[in-house]
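Input: a single structure, listed below in structure tokens.
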Amino acid sequence: MKIAIMSRNKNLYSTRRLVEAGQAHGHDVQVIDALRCYMNIAVNNPTIHMGGKDLDDFDAVIPRIGASITFYGSAVLRQFEMMDVYPLNESVAVTRSRDKLRSMQLLSRKGVGLPVTGYANKPDDVKDLIQLVGGAPLVIKLLEGTQGIGVVLAETQKAAESVIEAFMGVKANILVQEYIKEADGADIRCFVIGGKVVAAMKRQAAPGEFRSNLHRGGSAELIKITPAERATAVKAAKTMGLNVCGVDLLRSKNGPVVMEVNSSPGLEGIETASGKDIASMIIEFIEKNSKVGKTKTRGKG
Ligand code: ADP
Ligand code: MG
């Protein structure tokens with residue numbers, strides 16, 4: 001097969017591993033920087049070009065779209081779908097997962113466990129909003145943040161009010177969430193491929209920090225998850241429509257709650273913690289599922 005990996009940097013661990021695994025499985029793998037692609041949205045004949053060449057003979061595409069290029073990256077992915085190239089994750093699902101509020105709404109509709117979460121537009125409603133999610137301490141998040149940047153713990157009512165007002169003052173979209181204290185600075189990353197959790201790790205925040213992101217100094221270790229956690233991760237992936245994703249859970253006193261679903265989950269942490277060849281599992285999933293016509297939405301929506 002000829003497989004495109006949409007990634008801006010072929011030296012990144014995840015990109016490198018996917019290239020290696022693809023080649024080891026006998027495929028022709030090419031790394032494509034979405035920002036260098038240009039497209040012709042012609043009726044009945046959509047095309048993608050890069051550096052004067054036609055990108056027209058790929059069988060499958062693995063989107064690894066960084067948060068900062070979601071808009072253009074998903075347009076390129078959509079174009080691949082219109083050309084009948086099988087996407088590991090569809091553009092519709094990728095865009096969905098990038099908006100935390102939209103994701104939460106979809107998950108709540110399907111009854112997936114979530115932290116109590118609120119959202120408001122006007123500063124006049126701040127007090128009521130804080131009340132709604134159970135009062136301080138609470139977590140305030142930028143809707144499009146990533147790697148822990150834009151996630152704030154407000155320990156008192158006053159702190160919560162001023163942080164929310166400050167974010168609203170600069171017109172940032174935020175959500176306000178119940179603080180799951182009992183998680184104790186740890187979260188669980190479940191790596192899902194094709195409706196199965198293939199590996200899970202626990203990430204523990206650095207001392208004095210509540211965010212467990214590895215980019216914020218957190219550390220990862222292998223963990224055995226409960227059947228309820230497994231079921232929650234699988235349901236979250238299905239609800240989002242993602243074939244491959246990282247579902248992040250918190251262990252709350254009411255059971256597992258989903259914090260976010262990541263459509264381009266990194267491979268380094270999970271492969272190191274689990275000792276598994278996750279990259280090969282992804283390639284094997286593509287081999288099994290990439291038959292022509294299997295793309296559900298073909299860029300619609
Ligand atoms: P990002 O997309 O930036 O990673 P997250 O929503 O995953 O944002 O939050 C970053 C980290 O902050 C999480 O991994 C978790 O450790 C901590 N965290 C986030 N929300 C909560 C919460 N409601 N209660 C407790 N800890 C939280
Ligand atoms: Mg996160």
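Identifiers for the structure tokens are assigned positionally: chains receive A, B, ... in sequence, residues are indexed from 1 per chain, and ligands are indexed from 1 in the order shown.
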
I'd like a table as CSV: residues in chain A with an atom no more than 12 Å from ligand 2, each row giving the shortest atom pair and its distance in Å to one decimal, only C-alpha atoms and all ligand atoms counted, sorted by chain and rising residue number.
```
residue,atom,partner,partner_atom_place_in_ligand_line,distance
A:Ser97,CA,ligand 2,1 (Mg),11.9
A:Arg98,CA,ligand 2,1 (Mg),11.4
A:Lys100,CA,ligand 2,1 (Mg),10.5
A:Lys141,CA,ligand 2,1 (Mg),10.7
A:Leu142,CA,ligand 2,1 (Mg),11.8
A:Leu143,CA,ligand 2,1 (Mg),11.7
A:Glu144,CA,ligand 2,1 (Mg),11.0
A:Gly145,CA,ligand 2,1 (Mg),8.9
A:Thr146,CA,ligand 2,1 (Mg),6.4
A:Gln147,CA,ligand 2,1 (Mg),5.8
A:Gly148,CA,ligand 2,1 (Mg),6.1
A:Ile149,CA,ligand 2,1 (Mg),9.3
A:Gly150,CA,ligand 2,1 (Mg),10.6
A:Val151,CA,ligand 2,1 (Mg),9.3
A:Ala186,CA,ligand 2,1 (Mg),11.2
A:Asp187,CA,ligand 2,1 (Mg),8.8
A:Ile188,CA,ligand 2,1 (Mg),10.0
A:Arg189,CA,ligand 2,1 (Mg),8.9
A:Cys190,CA,ligand 2,1 (Mg),11.8
A:Arg203,CA,ligand 2,1 (Mg),10.3
A:Ala205,CA,ligand 2,1 (Mg),11.7
A:Phe210,CA,ligand 2,1 (Mg),11.7
A:Arg211,CA,ligand 2,1 (Mg),8.3
A:Ser212,CA,ligand 2,1 (Mg),7.9
A:Asn213,CA,ligand 2,1 (Mg),6.2
A:Leu214,CA,ligand 2,1 (Mg),9.3
A:His215,CA,ligand 2,1 (Mg),9.9
A:Arg216,CA,ligand 2,1 (Mg),10.5
A:Gly218,CA,ligand 2,1 (Mg),11.4
A:Gly246,CA,ligand 2,1 (Mg),9.4
A:Val247,CA,ligand 2,1 (Mg),9.0
A:Asp248,CA,ligand 2,1 (Mg),6.7
A:Leu249,CA,ligand 2,1 (Mg),9.4
A:Leu250,CA,ligand 2,1 (Mg),10.7
A:Val258,CA,ligand 2,1 (Mg),10.3
A:Met259,CA,ligand 2,1 (Mg),7.2
A:Glu260,CA,ligand 2,1 (Mg),6.3
A:Val261,CA,ligand 2,1 (Mg),8.1
A:Asn262,CA,ligand 2,1 (Mg),7.8
A:Ser263,CA,ligand 2,1 (Mg),11.4
A:Ser264,CA,ligand 2,1 (Mg),11.7
A:Pro265,CA,ligand 2,1 (Mg),10.0
A:Gly266,CA,ligand 2,1 (Mg),11.3
```

- Item | For Asp54 of chain A: contacts at 10 Å, only C-alpha atoms, fewer than 6 positions along chain excluded, given as a PyMOL selection string | chain A and resi 37-39+47-48

Keeping only N, CA, C and O atoms, write those residues as a PDB file, in the first residue's frame.
```
ATOM      1  N   CYS A  37       0.826  21.596   1.192  1.00  0.00           N
ATOM      2  CA  CYS A  37      -0.113  21.088   0.185  1.00  0.00           C
ATOM      3  C   CYS A  37      -0.992  22.220  -0.333  1.00  0.00           C
ATOM      4  O   CYS A  37      -1.354  23.118   0.422  1.00  0.00           O
ATOM      5  N   TYR A  38      -1.316  22.150  -1.598  1.00  0.00           N
ATOM      6  CA  TYR A  38      -2.332  23.049  -2.135  1.00  0.00           C
ATOM      7  C   TYR A  38      -3.315  22.197  -2.920  1.00  0.00           C
ATOM      8  O   TYR A  38      -2.992  21.099  -3.358  1.00  0.00           O
ATOM      9  N   MET A  39      -4.524  22.713  -3.031  1.00  0.00           N
ATOM     10  CA  MET A  39      -5.595  21.848  -3.502  1.00  0.00           C
ATOM     11  C   MET A  39      -6.416  22.500  -4.588  1.00  0.00           C
ATOM     12  O   MET A  39      -6.544  23.711  -4.637  1.00  0.00           O
ATOM     13  N   THR A  47      -8.095  17.421  -6.314  1.00  0.00           N
ATOM     14  CA  THR A  47      -6.690  17.009  -6.343  1.00  0.00           C
ATOM     15  C   THR A  47      -5.908  17.702  -5.222  1.00  0.00           C
ATOM     16  O   THR A  47      -6.330  18.732  -4.704  1.00  0.00           O
ATOM     17  N   ILE A  48      -4.776  17.084  -4.880  1.00  0.00           N
ATOM     18  CA  ILE A  48      -3.849  17.694  -3.912  1.00  0.00           C
ATOM     19  C   ILE A  48      -2.472  17.730  -4.557  1.00  0.00           C
ATOM     20  O   ILE A  48      -2.069  16.769  -5.226  1.00  0.00           O
TER      21      ILE A  48
END
```

- In Å, how far is it from atom 13 (C, counted along the ligand's line) of ligand 1 to atom CA of Val170 of chain A?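 We find that atom 13 (C, counted along the ligand's line) of ligand 1 and atom CA of Val170 of chain A lie 23.5 Å from each other.
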
- Please indicate the distance in Å from atom CA of Ile65 of chain A to atom CA of Ala93 of chain A, rounded to one decimal place.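 If I compute the distance from atom CA of Ile65 of chain A to atom CA of Ala93 of chain A, I get 12.3 Å.
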
Spatial neighbours of Ala75 of chain A, 8 Å, only C-alpha atoms, chain gap at least 4 places, as a compact mmCIF listing (two decimals) with C-alpha atoms, in the first residue's frame:
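Output file result-v9.txt follows:
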```
# COMPACT_ATOMS: atom_id res chain seq x y z
CA PHE A 71 -8.13 24.31 10.27
CA GLN A 79 -9.58 16.56 0.32
CA SER A 91 -11.70 14.79 9.20
```
